[in-house]
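Structure file upload_5.txt; described as compact mmCIF, C-alpha atoms and all ligand atoms.
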```
# COMPACT_ATOMS: atom_id res chain seq x y z
CA MET A 1 1.99 -14.89 24.32
CA ILE A 2 -1.05 -16.83 23.12
CA GLN A 3 -2.67 -15.16 20.15
CA LEU A 4 -6.40 -15.49 19.78
CA PRO A 5 -7.62 -16.43 16.32
CA LEU A 6 -8.37 -13.43 14.14
CA PRO A 7 -12.11 -13.02 13.56
CA ILE A 8 -13.32 -12.86 9.97
CA THR A 9 -16.59 -11.47 8.70
CA ILE A 10 -17.59 -12.46 5.18
CA VAL A 11 -19.72 -9.99 3.27
CA THR A 12 -21.39 -11.45 0.25
CA GLY A 13 -24.28 -10.39 -2.00
CA PHE A 14 -25.08 -10.40 -5.69
CA LEU A 15 -23.47 -7.89 -8.08
CA GLY A 16 -24.33 -4.34 -7.08
CA ALA A 17 -26.24 -5.24 -3.89
CA GLY A 18 -24.40 -2.53 -1.97
CA LYS A 19 -21.56 -4.46 -0.29
CA THR A 20 -18.92 -1.77 -0.84
CA THR A 21 -21.26 1.09 0.12
CA LEU A 22 -22.20 -0.69 3.32
CA LEU A 23 -18.57 -1.40 4.16
CA SER A 24 -17.53 2.11 3.39
CA ASN A 25 -20.17 3.45 5.80
CA LEU A 26 -19.04 0.92 8.37
CA LEU A 27 -15.41 2.01 8.06
CA ARG A 28 -16.31 5.57 8.86
CA GLU A 29 -18.40 4.55 11.86
CA THR A 30 -16.10 1.91 13.37
CA LYS A 31 -13.77 3.89 15.57
CA LYS A 32 -12.18 1.26 17.78
CA ARG A 33 -11.34 -1.79 15.71
CA ARG A 34 -8.33 -1.97 13.42
CA LEU A 35 -9.68 -3.57 10.29
CA ALA A 36 -8.16 -5.42 7.36
CA ILE A 37 -10.54 -5.37 4.41
CA VAL A 38 -10.08 -7.80 1.54
CA VAL A 39 -12.04 -6.84 -1.56
CA ASN A 40 -12.45 -9.50 -4.20
CA GLU A 41 -13.72 -8.41 -7.60
CA PHE A 42 -14.66 -10.60 -10.51
CA GLY A 43 -13.46 -8.05 -13.07
CA GLU A 44 -9.87 -7.22 -14.08
CA ALA A 45 -9.93 -3.73 -12.59
CA SER A 46 -10.46 -3.06 -8.91
CA ILE A 47 -12.86 -0.16 -8.48
CA ASP A 48 -14.24 -0.97 -5.03
CA GLY A 49 -10.81 -1.16 -3.38
CA ALA A 50 -10.05 2.38 -4.57
CA LEU A 51 -13.36 3.65 -3.17
CA LEU A 52 -12.88 1.93 0.19
CA ARG A 53 -9.29 3.14 0.48
CA ASP A 54 -10.55 6.67 0.02
CA ASP A 55 -13.04 6.19 2.83
CA SER A 56 -10.52 4.68 5.24
CA PRO A 57 -9.58 6.96 8.10
CA GLY A 58 -5.88 7.03 9.07
CA ASP A 59 -3.97 3.79 9.35
CA ARG A 60 -6.72 1.98 11.26
CA VAL A 61 -7.94 0.31 8.08
CA GLN A 62 -5.91 -1.62 5.52
CA VAL A 63 -7.54 -2.43 2.20
CA GLN A 64 -6.31 -5.22 -0.02
CA ASP A 65 -7.69 -5.76 -3.54
CA VAL A 66 -7.93 -9.11 -5.20
CA ALA A 67 -9.19 -8.50 -8.71
CA ASN A 68 -9.72 -10.82 -11.62
CA GLY A 69 -11.26 -13.93 -10.16
CA LEU A 70 -13.04 -15.65 -7.33
CA LEU A 71 -11.23 -15.85 -4.02
CA ALA A 72 -10.68 -19.35 -2.57
CA TYR A 73 -12.38 -21.06 -5.51
CA GLY A 74 -10.83 -24.15 -7.05
CA GLU A 75 -7.34 -23.34 -8.32
CA ASP A 76 -7.08 -19.89 -6.74
CA ARG A 77 -3.51 -19.44 -5.50
CA VAL A 78 -4.03 -16.01 -3.97
CA PHE A 79 -6.06 -16.95 -0.92
CA MET A 80 -3.49 -18.86 1.16
CA PRO A 81 -0.62 -16.31 0.75
CA LEU A 82 -3.12 -13.56 1.51
CA MET A 83 -4.15 -15.25 4.74
CA ALA A 84 -0.48 -15.79 5.64
CA GLN A 85 0.14 -12.05 5.14
CA LEU A 86 -2.83 -11.20 7.34
CA HIS A 87 -1.57 -13.54 10.03
CA ALA A 88 1.90 -11.97 9.85
CA ARG A 89 0.29 -8.58 10.59
CA ARG A 90 -1.86 -10.07 13.37
CA ALA A 91 -0.57 -7.62 15.99
CA LEU A 92 -1.92 -4.70 13.92
CA ILE A 93 -5.34 -6.14 13.08
CA ASP A 94 -8.42 -6.70 15.24
CA HIS A 95 -10.82 -7.96 12.60
CA VAL A 96 -10.77 -9.06 8.97
CA VAL A 97 -13.64 -8.36 6.60
CA ILE A 98 -13.73 -10.20 3.28
CA GLU A 99 -15.99 -8.71 0.63
CA THR A 100 -16.51 -11.49 -1.85
CA SER A 101 -17.16 -10.92 -5.52
CA GLY A 102 -20.84 -10.48 -6.37
CA LEU A 103 -20.57 -13.74 -8.31
CA ALA A 104 -19.13 -15.80 -5.47
CA ALA A 105 -20.73 -18.06 -2.92
CA PRO A 106 -19.26 -17.48 0.56
CA SER A 107 -18.91 -21.22 1.05
CA ALA A 108 -15.61 -21.13 -0.85
CA VAL A 109 -13.91 -19.02 1.83
CA MET A 110 -15.82 -20.73 4.66
CA GLU A 111 -14.77 -24.15 3.49
CA ARG A 112 -11.08 -23.20 3.33
CA LEU A 113 -11.24 -21.68 6.79
CA GLN A 114 -12.74 -24.85 8.22
CA SER A 115 -10.82 -27.47 6.25
CA ASP A 116 -7.26 -26.14 6.51
CA ASP A 117 -5.76 -26.87 9.95
CA VAL A 118 -3.38 -23.91 9.92
CA LEU A 119 -6.14 -21.50 8.92
CA ALA A 120 -8.51 -23.01 11.47
CA GLU A 121 -5.93 -22.29 14.19
CA ARG A 122 -5.23 -18.73 13.08
CA PHE A 123 -8.66 -17.46 12.05
CA VAL A 124 -12.22 -17.84 13.23
CA LEU A 125 -15.33 -17.07 11.24
CA ASP A 126 -17.23 -14.37 13.09
CA ALA A 127 -20.28 -14.17 10.82
CA SER A 128 -21.34 -14.36 7.23
CA LEU A 129 -23.55 -11.56 5.89
CA ALA A 130 -25.48 -11.57 2.63
CA ILE A 131 -26.45 -8.13 1.35
CA VAL A 132 -29.61 -8.04 -0.74
CA ASP A 133 -30.78 -5.50 -3.31
CA THR A 134 -34.32 -5.47 -1.89
CA PRO A 135 -36.09 -3.67 -4.78
CA LEU A 136 -34.64 -6.23 -7.21
CA LEU A 137 -35.72 -9.08 -4.91
CA LEU A 138 -39.28 -7.71 -4.81
CA ALA A 139 -39.26 -7.26 -8.58
CA GLY A 140 -38.58 -10.99 -8.97
CA GLN A 141 -35.11 -10.38 -10.43
CA PHE A 142 -33.61 -13.26 -8.45
CA ASP A 143 -36.29 -15.74 -9.51
CA ALA A 144 -35.40 -18.71 -11.68
CA SER A 145 -36.92 -18.98 -15.13
CA ALA A 146 -37.22 -22.12 -17.19
CA SER A 147 -36.34 -20.34 -20.42
CA ASP A 148 -33.64 -17.90 -19.28
CA ALA A 149 -30.14 -19.22 -18.54
CA ALA A 150 -28.95 -15.92 -17.05
CA ALA A 151 -31.94 -15.79 -14.68
CA ASN A 152 -31.30 -19.38 -13.60
CA SER A 153 -27.65 -18.75 -12.93
CA ILE A 154 -28.49 -15.62 -10.92
CA ALA A 155 -31.20 -17.45 -8.94
CA ASP A 156 -28.83 -20.30 -8.16
CA LEU A 157 -26.07 -18.03 -6.97
CA PHE A 158 -28.45 -15.82 -5.00
CA CYS A 159 -29.78 -18.89 -3.13
CA GLN A 160 -26.24 -20.07 -2.40
CA GLN A 161 -25.36 -16.69 -0.97
CA LEU A 162 -28.47 -16.68 1.23
CA SER A 163 -28.12 -20.24 2.40
CA HIS A 164 -24.59 -19.64 3.72
CA ALA A 165 -25.46 -16.41 5.45
CA ASP A 166 -25.95 -16.03 9.18
CA ILE A 167 -27.43 -12.61 8.58
CA VAL A 168 -29.28 -11.37 5.54
CA VAL A 169 -29.21 -7.61 5.20
CA LEU A 170 -32.07 -6.03 3.29
CA ASN A 171 -30.42 -3.07 1.58
CA LYS A 172 -31.68 -0.24 -0.67
CA ILE A 173 -34.85 -0.04 1.38
CA ASP A 174 -34.98 3.75 1.57
CA GLY A 175 -38.18 3.96 -0.52
CA LEU A 176 -39.96 0.84 0.77
CA ASP A 177 -42.90 0.68 3.17
CA LYS A 178 -43.43 -1.91 5.90
CA HIS A 179 -45.55 -4.18 3.67
CA ALA A 180 -42.75 -4.34 1.14
CA LEU A 181 -40.26 -5.14 3.90
CA ILE A 182 -42.42 -7.96 5.25
CA GLU A 183 -42.86 -9.28 1.72
CA ALA A 184 -39.08 -9.18 1.28
CA GLU A 185 -38.58 -11.08 4.52
CA THR A 186 -41.13 -13.70 3.45
CA ARG A 187 -39.28 -14.21 0.17
CA ILE A 188 -35.95 -14.59 1.94
CA ARG A 189 -37.38 -17.10 4.41
CA ALA A 190 -38.90 -19.11 1.56
CA LEU A 191 -35.63 -19.19 -0.37
CA ALA A 192 -33.37 -19.86 2.62
CA PRO A 193 -35.20 -21.19 5.68
CA SER A 194 -31.91 -21.59 7.57
CA VAL A 195 -31.12 -17.87 7.64
CA ARG A 196 -30.93 -16.84 11.28
CA PHE A 197 -31.32 -13.08 11.21
CA ILE A 198 -32.66 -10.50 8.85
CA GLU A 199 -31.47 -6.94 9.32
CA LEU A 200 -32.52 -3.71 7.68
CA ALA A 201 -29.97 -1.26 6.32
CA TYR A 202 -31.31 2.18 5.56
CA GLN A 203 -29.02 4.00 3.11
CA ALA A 204 -26.59 1.07 3.34
CA ARG A 205 -25.97 1.67 7.05
CA LEU A 206 -25.61 -1.04 9.67
CA GLU A 207 -24.35 -0.49 13.16
CA SER A 208 -20.98 -2.11 13.79
CA GLN A 209 -22.50 -4.05 16.74
CA LEU A 210 -24.74 -5.76 14.20
CA THR A 211 -21.85 -6.58 11.94
CA LEU A 212 -18.57 -7.19 13.77
CA GLY A 213 -17.74 -9.23 16.86
CA LEU A 214 -20.85 -11.41 16.71
CA HIS A 215 -19.06 -14.72 17.47
CA LEU A 216 -21.70 -16.69 15.61
CA HIS A 217 -19.33 -19.56 14.94
CA THR A 218 -17.44 -19.65 18.22
CA ALA A 219 -18.24 -22.21 20.86
CA ALA A 220 -19.02 -21.15 24.43
CA GLN A 221 -19.21 -17.43 23.74
CA PRO A 222 -21.46 -15.31 25.90
CA ILE A 223 -24.75 -14.61 24.21
CA HIS A 224 -24.65 -11.14 22.71
CA ALA A 225 -27.54 -8.76 22.28
CA HIS A 226 -28.59 -8.48 18.69
CA ARG A 227 -30.73 -5.48 18.03
CA GLN A 228 -32.54 -3.94 15.15
CA PRO A 229 -30.85 -0.87 13.75
CA THR A 230 -32.23 2.15 15.54
CA SER A 231 -33.10 3.63 12.16
CA THR A 232 -35.33 0.64 11.54
CA GLN A 233 -37.37 1.35 14.59
CA ALA A 234 -37.60 5.02 13.78
CA SER A 235 -38.37 4.92 10.12
CA SER A 236 -39.99 1.69 9.11
CA GLY A 237 -42.81 1.71 11.63
CA LEU A 238 -42.96 -2.06 11.42
CA SER A 239 -45.71 -3.31 13.67
CA ARG A 240 -43.62 -6.32 14.63
CA PRO A 241 -39.91 -6.92 14.57
CA LEU A 242 -38.71 -8.96 11.64
CA ASP A 243 -38.40 -12.59 12.64
CA GLY A 244 -35.12 -13.62 14.13
CA HIS A 245 -33.99 -10.28 15.43
CA SER A 246 -33.13 -11.73 18.77
CA HIS A 247 -31.34 -14.96 19.25
CA SER A 248 -30.46 -15.38 22.86
CA GLY A 249 -29.92 -18.99 23.68
CA LEU A 250 -28.89 -20.08 20.20
CA ALA A 251 -25.86 -22.27 20.00
CA PRO A 252 -22.95 -21.38 17.71
CA HIS A 253 -24.00 -21.90 14.15
CA LEU A 254 -22.53 -24.52 11.89
CA HIS A 255 -23.17 -24.34 8.20
CA GLY A 256 -23.40 -27.74 6.59
CA LEU A 257 -20.61 -27.18 4.12
CA THR A 258 -20.41 -30.83 3.30
CA THR A 259 -24.00 -30.82 2.18
CA HIS A 260 -23.69 -27.67 0.10
CA THR A 261 -21.50 -27.08 -2.88
CA HIS A 262 -20.27 -23.70 -3.91
CA PHE A 263 -19.59 -23.01 -7.55
CA HIS A 264 -16.27 -24.83 -7.83
CA GLU A 265 -17.19 -25.06 -11.47
CA HIS A 266 -18.15 -21.46 -11.86
CA ASP A 267 -20.75 -20.88 -14.57
CA PRO A 268 -18.58 -19.86 -17.55
CA GLY A 269 -21.41 -17.75 -18.93
CA TRP A 270 -20.32 -14.96 -16.57
CA GLN A 271 -17.87 -12.65 -18.23
CA SER A 272 -16.15 -9.42 -17.45
CA PHE A 273 -14.11 -6.98 -19.50
CA VAL A 274 -12.75 -3.48 -19.24
CA LEU A 275 -13.18 -0.79 -21.89
CA ASN A 276 -11.04 2.35 -21.99
CA CYS A 277 -11.28 5.62 -23.84
CA PRO A 278 -8.57 8.29 -24.08
CA GLN A 279 -10.90 11.15 -25.10
CA PRO A 280 -13.05 13.15 -22.67
CA GLN A 281 -16.71 12.19 -22.59
CA ASN A 282 -20.03 13.93 -22.93
CA GLU A 283 -21.97 12.70 -19.88
CA ALA A 284 -25.43 12.63 -21.47
CA ALA A 285 -24.21 10.75 -24.56
CA LEU A 286 -22.38 8.22 -22.39
CA MET A 287 -25.45 7.62 -20.20
CA ARG A 288 -27.54 7.01 -23.34
CA ALA A 289 -24.90 4.58 -24.58
CA LEU A 290 -24.88 2.66 -21.30
CA ALA A 291 -28.69 2.52 -21.20
CA GLN A 292 -28.62 1.07 -24.71
CA VAL A 293 -25.97 -1.49 -23.75
CA SER A 294 -27.94 -2.67 -20.72
CA SER A 295 -31.10 -3.09 -22.78
CA ASP A 296 -29.27 -4.94 -25.62
CA GLN A 297 -27.31 -7.40 -23.49
CA ALA A 298 -27.42 -9.16 -20.10
CA VAL A 299 -25.05 -6.62 -18.53
CA MET A 300 -25.63 -6.83 -14.77
CA ARG A 301 -22.98 -4.41 -13.59
CA VAL A 302 -21.05 -1.44 -14.96
CA LYS A 303 -18.65 0.57 -12.87
CA GLY A 304 -15.66 2.76 -13.34
CA PHE A 305 -14.29 6.27 -13.71
CA VAL A 306 -15.09 8.53 -16.65
CA TYR A 307 -13.43 11.83 -17.56
CA ILE A 308 -15.77 14.55 -18.71
CA GLU A 309 -14.73 17.39 -20.97
CA GLY A 310 -13.50 20.35 -18.89
CA ALA A 311 -13.88 18.63 -15.51
CA CYS A 312 -10.93 18.25 -13.15
CA ARG A 313 -12.02 15.01 -11.57
CA PRO A 314 -13.64 11.95 -13.05
CA LEU A 315 -17.22 10.88 -12.56
CA LEU A 316 -17.83 7.60 -10.82
CA VAL A 317 -20.21 5.53 -12.93
CA GLN A 318 -22.29 2.90 -11.11
CA GLY A 319 -24.73 0.71 -13.02
CA VAL A 320 -26.77 -2.16 -11.58
CA ARG A 321 -28.77 -3.70 -14.43
CA THR A 322 -30.67 -0.83 -16.03
CA ARG A 323 -30.15 1.64 -13.15
CA ILE A 324 -27.11 3.64 -14.18
CA ARG A 325 -25.88 6.73 -12.35
CA ALA A 326 -22.88 9.03 -12.54
CA TYR A 327 -21.60 10.61 -9.32
CA ASP A 328 -19.27 13.52 -9.06
CA GLU A 329 -19.13 13.84 -5.27
CA PRO A 330 -15.45 14.03 -4.32
CA ARG A 331 -16.07 11.36 -1.65
CA HIS A 332 -16.84 8.91 -4.42
CA ILE A 333 -13.65 9.60 -6.31
CA ALA A 334 -10.41 7.96 -5.31
CA HIS A 335 -7.82 10.71 -4.79
CA SER A 336 -5.44 8.93 -7.12
CA ARG A 337 -7.89 9.52 -9.96
CA ALA A 338 -8.25 13.26 -9.48
CA SER A 339 -6.02 15.43 -11.63
CA PRO A 340 -5.21 19.12 -11.30
CA CYS A 341 -7.69 21.25 -13.27
CA ASN A 342 -4.95 22.97 -15.19
CA ASN A 343 -3.42 19.73 -16.36
CA GLN A 344 -6.10 18.10 -18.50
CA ALA A 345 -3.52 16.56 -20.80
CA GLN A 346 -2.37 14.26 -18.03
CA GLN A 347 -5.82 12.82 -17.39
CA SER A 348 -5.98 9.05 -17.31
CA PRO A 349 -8.20 7.35 -19.84
CA SER A 350 -11.77 6.63 -18.81
CA GLU A 351 -12.20 3.07 -17.64
CA LEU A 352 -15.40 1.06 -17.34
CA VAL A 353 -15.75 -2.52 -16.09
CA PHE A 354 -18.65 -4.54 -17.52
CA ILE A 355 -19.90 -7.77 -15.92
CA GLY A 356 -22.68 -9.83 -17.41
CA TYR A 357 -23.90 -13.10 -18.76
CA HIS A 358 -22.59 -14.01 -22.22
CA ILE A 359 -21.90 -10.39 -23.01
CA ASN A 360 -20.12 -9.37 -26.18
CA ARG A 361 -17.17 -7.03 -25.72
CA GLU A 362 -16.96 -5.80 -29.29
CA SER A 363 -20.65 -5.08 -29.53
CA VAL A 364 -20.61 -3.12 -26.23
CA ALA A 365 -17.57 -1.13 -27.45
CA GLU A 366 -19.28 -0.45 -30.78
CA THR A 367 -22.40 0.93 -29.01
CA LEU A 368 -20.23 3.18 -26.84
CA ARG A 369 -18.30 4.43 -29.90
CA ARG A 370 -21.50 5.11 -31.83
CA PHE A 371 -23.28 7.04 -29.08
CA THR A 372 -20.27 8.99 -27.78
CA THR A 373 -18.31 9.40 -31.06
CA THR A 374 -15.16 8.62 -29.07
CA ASP A 375 -12.77 5.72 -29.34
CA TRP A 376 -13.79 3.12 -26.75
CA HIS A 377 -11.77 -0.05 -26.99
N1 LIG A 401 -30.63 3.97 -3.08
C1 LIG A 401 -29.66 3.21 -2.57
N2 LIG A 401 -28.60 2.92 -3.35
C2 LIG A 401 -27.62 2.16 -2.82
C3 LIG A 401 -27.68 1.66 -1.49
N3 LIG A 401 -26.57 0.92 -1.27
C4 LIG A 401 -25.86 0.95 -2.41
N4 LIG A 401 -26.48 1.70 -3.35
C5 LIG A 401 -26.02 1.97 -4.72
O1 LIG A 401 -25.93 0.73 -5.43
C6 LIG A 401 -24.84 0.77 -6.35
C7 LIG A 401 -23.93 -0.43 -6.12
O2 LIG A 401 -23.38 -0.31 -4.82
P1 LIG A 401 -22.03 -1.06 -4.41
O3 LIG A 401 -21.82 -0.79 -2.96
O4 LIG A 401 -20.92 -0.71 -5.33
O5 LIG A 401 -22.44 -2.57 -4.64
P2 LIG A 401 -21.51 -3.88 -4.53
O6 LIG A 401 -22.37 -4.94 -3.97
O7 LIG A 401 -20.26 -3.56 -3.79
O8 LIG A 401 -21.18 -4.13 -6.05
P3 LIG A 401 -20.19 -5.26 -6.69
O9 LIG A 401 -18.97 -5.30 -5.82
O10 LIG A 401 -19.92 -4.76 -8.05
O11 LIG A 401 -20.94 -6.52 -6.68
C8 LIG A 401 -24.14 2.11 -6.14
O12 LIG A 401 -24.63 3.01 -7.10
C9 LIG A 401 -24.59 2.53 -4.75
O13 LIG A 401 -24.60 3.93 -4.59
C10 LIG A 401 -28.84 1.99 -0.69
O14 LIG A 401 -29.00 1.58 0.47
N5 LIG A 401 -29.79 2.77 -1.29
```
What does the file become when written as structure tokens?
Amino acid sequence: MIQLPLPITIVTGFLGAGKTTLLSNLLRETKKRRLAIVVNEFGEASIDGALLRDDSPGDRVQVQDVANGLLAYGEDRVFMPLMAQLHARRALIDHVVIETSGLAAPSAVMERLQSDDVLAERFVLDASLAIVDTPLLLAGQFDASASDAAANSIADLFCQQLSHADIVVLNKIDGLDKHALIEAETRIRALAPSVRFIELAYQARLESQLTLGLHLHTAAQPIHAHRQPTSTQASSGLSRPLDGHSHSGLAPHLHGLTTHTHFHEHDPGWQSFVLNCPQPQNEAALMRALAQVSSDQAVMRVKGFVYIEGACRPLLVQGVRTRIRAYDEPRHIAHSRASPCNNQAQQSPSELVFIGYHINRESVAETLRRFTTTDWH
């Protein structure tokens, strides 16, 4: 029996843009397709994979974590065996979604898919999505700056992610009015004129028709209807659709990979480390410590699970730059992390992943120790 190539959607976006949240919503809403999700994290610990696994209904979704690096970059030896495993399970999978690390350009995976003959036979790129933290975009947080190396590195990466995207998804737009949305679109178009479509995701929600099965890189596919999310029409009140929301008649899209380079030489200024603490935490003291850390150093992302005195399940900590929140909704907590209330002694240590530009592990640990009077190391 002839097997059709397995479609792959690449989901990219800078650290904390909302890739995992968007995917997790998609998993709950996609009822028909059997999905294989590959989650690549820059840090040593995989937090997102645990969250997605918890949101995966039944055996329709398989989640695979690849922590500690950048998938398909340079010397990475994980990518090819991973693709071979996916191919071996072809009969059980309808669609693959690869969530790249927030510090990766999607061109790395795209290039491998196009340049390797075996992969090109077995897989087909369906679409590449770039998720954008819209409030940060509007605040100029992805702009380059002559005097700030971190800002330049972020701006460079952000542009790479946009320029390889078929679809840019404006996320975190819950509090934005139509003028802000149009301003965001204008900025995206100025940074990446080749972007084909811009979609709006309210509360990190995109319909699966806007995300999977788009065939944007397949020759001779029937033209599909590409619509705005219904929530966009209802809540944004935009007087005109965002440019590019329909694309009937467009030919399959080819990204000029030969003319772009992804970060084969990844900027070594980006660092990640994990800190643990065996003692239970005081939430307020920990939040003060994390606020201090993010104002002292270029920490762009903090995430992990923290055990609070007397609580039977950990809090999920999510920090994107200076916005740091702790969640205790059970949905946000991987079951494997919950412990019976009467068995506090068996709690795992708290674990936080920090990602930033030239960040200093010891100095972050020292701030956490000072504010929480517990032994972070
Ligand atoms: N208000 C708001 N918050 C959001 C939205 N989407 C995501 N978030 C929050 O943004 C934070 C980061 O979300 P993630 O989904 O983990 O982001 P990510 O892109 O997967 O992060 P990395 O994998 O670390 O790069 C979390 O606290 C989310 O709850 C949104 O649409 N609105």
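Residues in contact with ligand LIG 401 (chain A) comprise A:Gly13, A:Phe14, A:Leu15, A:Gly16, A:Ala17, A:Gly18, A:Lys19, A:Thr20, A:Thr21, A:Leu22, A:Glu41, A:Asp48, A:Ser101, A:Gly102, A:Asn171, A:Lys172, A:Ile173, A:Asp174, A:Ala201, A:Tyr202, A:Gln203, A:Ala204, A:Arg301, A:Gln318, A:Gly319, A:Val320, A:Arg325, where contact means an atom-to-atom distance of at most 7 Å counting all atoms listed in the file.
CA of Ser272 (chain A) is found 7.0 Å from CA of Val353 (chain A).
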Tell me which protein, DNA and RNA residues are within 9 Å of region 369-374 of chain A, counting only C-alpha atoms, leaving out same-chain ones fewer than 5 positions away, and put them as a PyMOL selection string.
chain A and resi 277-286+288-289+364
Taking (-26.7, -11.7, 7.0) in the file's coordinates, which residues come within 10 Å, counting all atoms listed in the file, written as a ChimeraX atom specification?
/A:10-13,127-132,161-170,195-200,210-211
9 Å contact set for region 36-38 of chain A, all atoms listed in the file, chain neighbours under 6 positions out, as an NGL selection string:
:A and (23 or 49 or 52 or 60-66 or 86 or 93-100)
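Closest approach to Pro81 (chain A) among A:Leu157, A:Glu366, A:Leu119, A:Val317: A:Leu119, based on all atoms listed in the file.
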Which one is closest to Leu82 (chain A): A:Asn40, A:Glu183, A:Pro314, A:Ala150? Count all atoms listed in the file.
A:Asn40
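Taking CA of Val124 (chain A) as the reference point, CA of Ala84 (chain A) is found at 14.1 Å.
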What does the distance between CA of Tyr73 (chain A) and CA of Ala151 (chain A) come to in Å, to one decimal place?
22.2 Å
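You can rank A:Leu71, A:Val39, A:Leu216, A:Ala149 by their closest distance to Glu111 (chain A) using only C-alpha atoms, and at the top of that list sits A:Leu71.
Nearest residue to Asp296 (chain A), choosing from A:Asp267, A:Glu29, A:Ser363, A:Phe273 and counting all atoms listed in the file: A:Ser363.
Using only C-alpha atoms, the set of residues no farther than 10 Å from the position (-31.2, -18.7, -7.6) comprises Gln141, Phe142, Asp143, Ala144, Ser145, Ala151, Asn152, Ser153, Ile154, Ala155, Asp156, Leu157, Phe158, Cys159, Gln160, Gln161, Leu162 and Leu191 of chain A.
Of the listed residues A:Ser147, A:His217, A:Arg189, A:Arg34, the one whose atoms come nearest to Gln114 (chain A) is A:His217, with distances taken using all atoms listed in the file.
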Which one is closest to Asp54 (chain A): A:Asp76, A:Ser24, A:Gly356, A:Ala184? Count all atoms listed in the file.
A:Ser24
Since the input lacks atoms, please generate N, CA and C atoms for region 89-102 of chain A and provide them as a tab-separated table (two decimals), in the coordinates of the input.
```tsv
chain	number	residue	atom	x	y	z
A	89	ARG	N	0.59	-9.93	10.06
A	89	ARG	CA	0.29	-8.58	10.59
A	89	ARG	C	-0.71	-8.65	11.75
A	90	ARG	N	-0.84	-9.82	12.33
A	90	ARG	CA	-1.86	-10.07	13.37
A	90	ARG	C	-1.86	-9.00	14.47
A	91	ALA	N	-0.66	-8.57	14.87
A	91	ALA	CA	-0.57	-7.62	15.99
A	91	ALA	C	-1.21	-6.26	15.63
A	92	LEU	N	-1.39	-6.00	14.34
A	92	LEU	CA	-1.92	-4.70	13.92
A	92	LEU	C	-3.39	-4.77	13.51
A	93	ILE	N	-3.97	-5.96	13.60
A	93	ILE	CA	-5.34	-6.14	13.08
A	93	ILE	C	-6.24	-6.72	14.16
A	94	ASP	N	-7.45	-6.14	14.30
A	94	ASP	CA	-8.42	-6.70	15.24
A	94	ASP	C	-9.46	-7.57	14.54
A	95	HIS	N	-9.72	-7.26	13.28
A	95	HIS	CA	-10.82	-7.96	12.60
A	95	HIS	C	-10.58	-7.91	11.09
A	96	VAL	N	-10.89	-9.01	10.43
A	96	VAL	CA	-10.77	-9.06	8.97
A	96	VAL	C	-12.17	-9.09	8.37
A	97	VAL	N	-12.37	-8.30	7.33
A	97	VAL	CA	-13.64	-8.36	6.60
A	97	VAL	C	-13.31	-8.75	5.16
A	98	ILE	N	-13.95	-9.79	4.67
A	98	ILE	CA	-13.73	-10.20	3.28
A	98	ILE	C	-14.99	-9.89	2.49
A	99	GLU	N	-14.87	-8.97	1.54
A	99	GLU	CA	-15.99	-8.71	0.63
A	99	GLU	C	-15.80	-9.60	-0.58
A	100	THR	N	-16.67	-10.57	-0.73
A	100	THR	CA	-16.51	-11.49	-1.85
A	100	THR	C	-17.01	-10.82	-3.14
A	101	SER	N	-16.62	-11.40	-4.25
A	101	SER	CA	-17.16	-10.92	-5.52
A	101	SER	C	-18.67	-11.16	-5.54
A	102	GLY	N	-19.39	-10.31	-6.26
A	102	GLY	CA	-20.84	-10.48	-6.37
A	102	GLY	C	-21.24	-11.77	-7.05
```
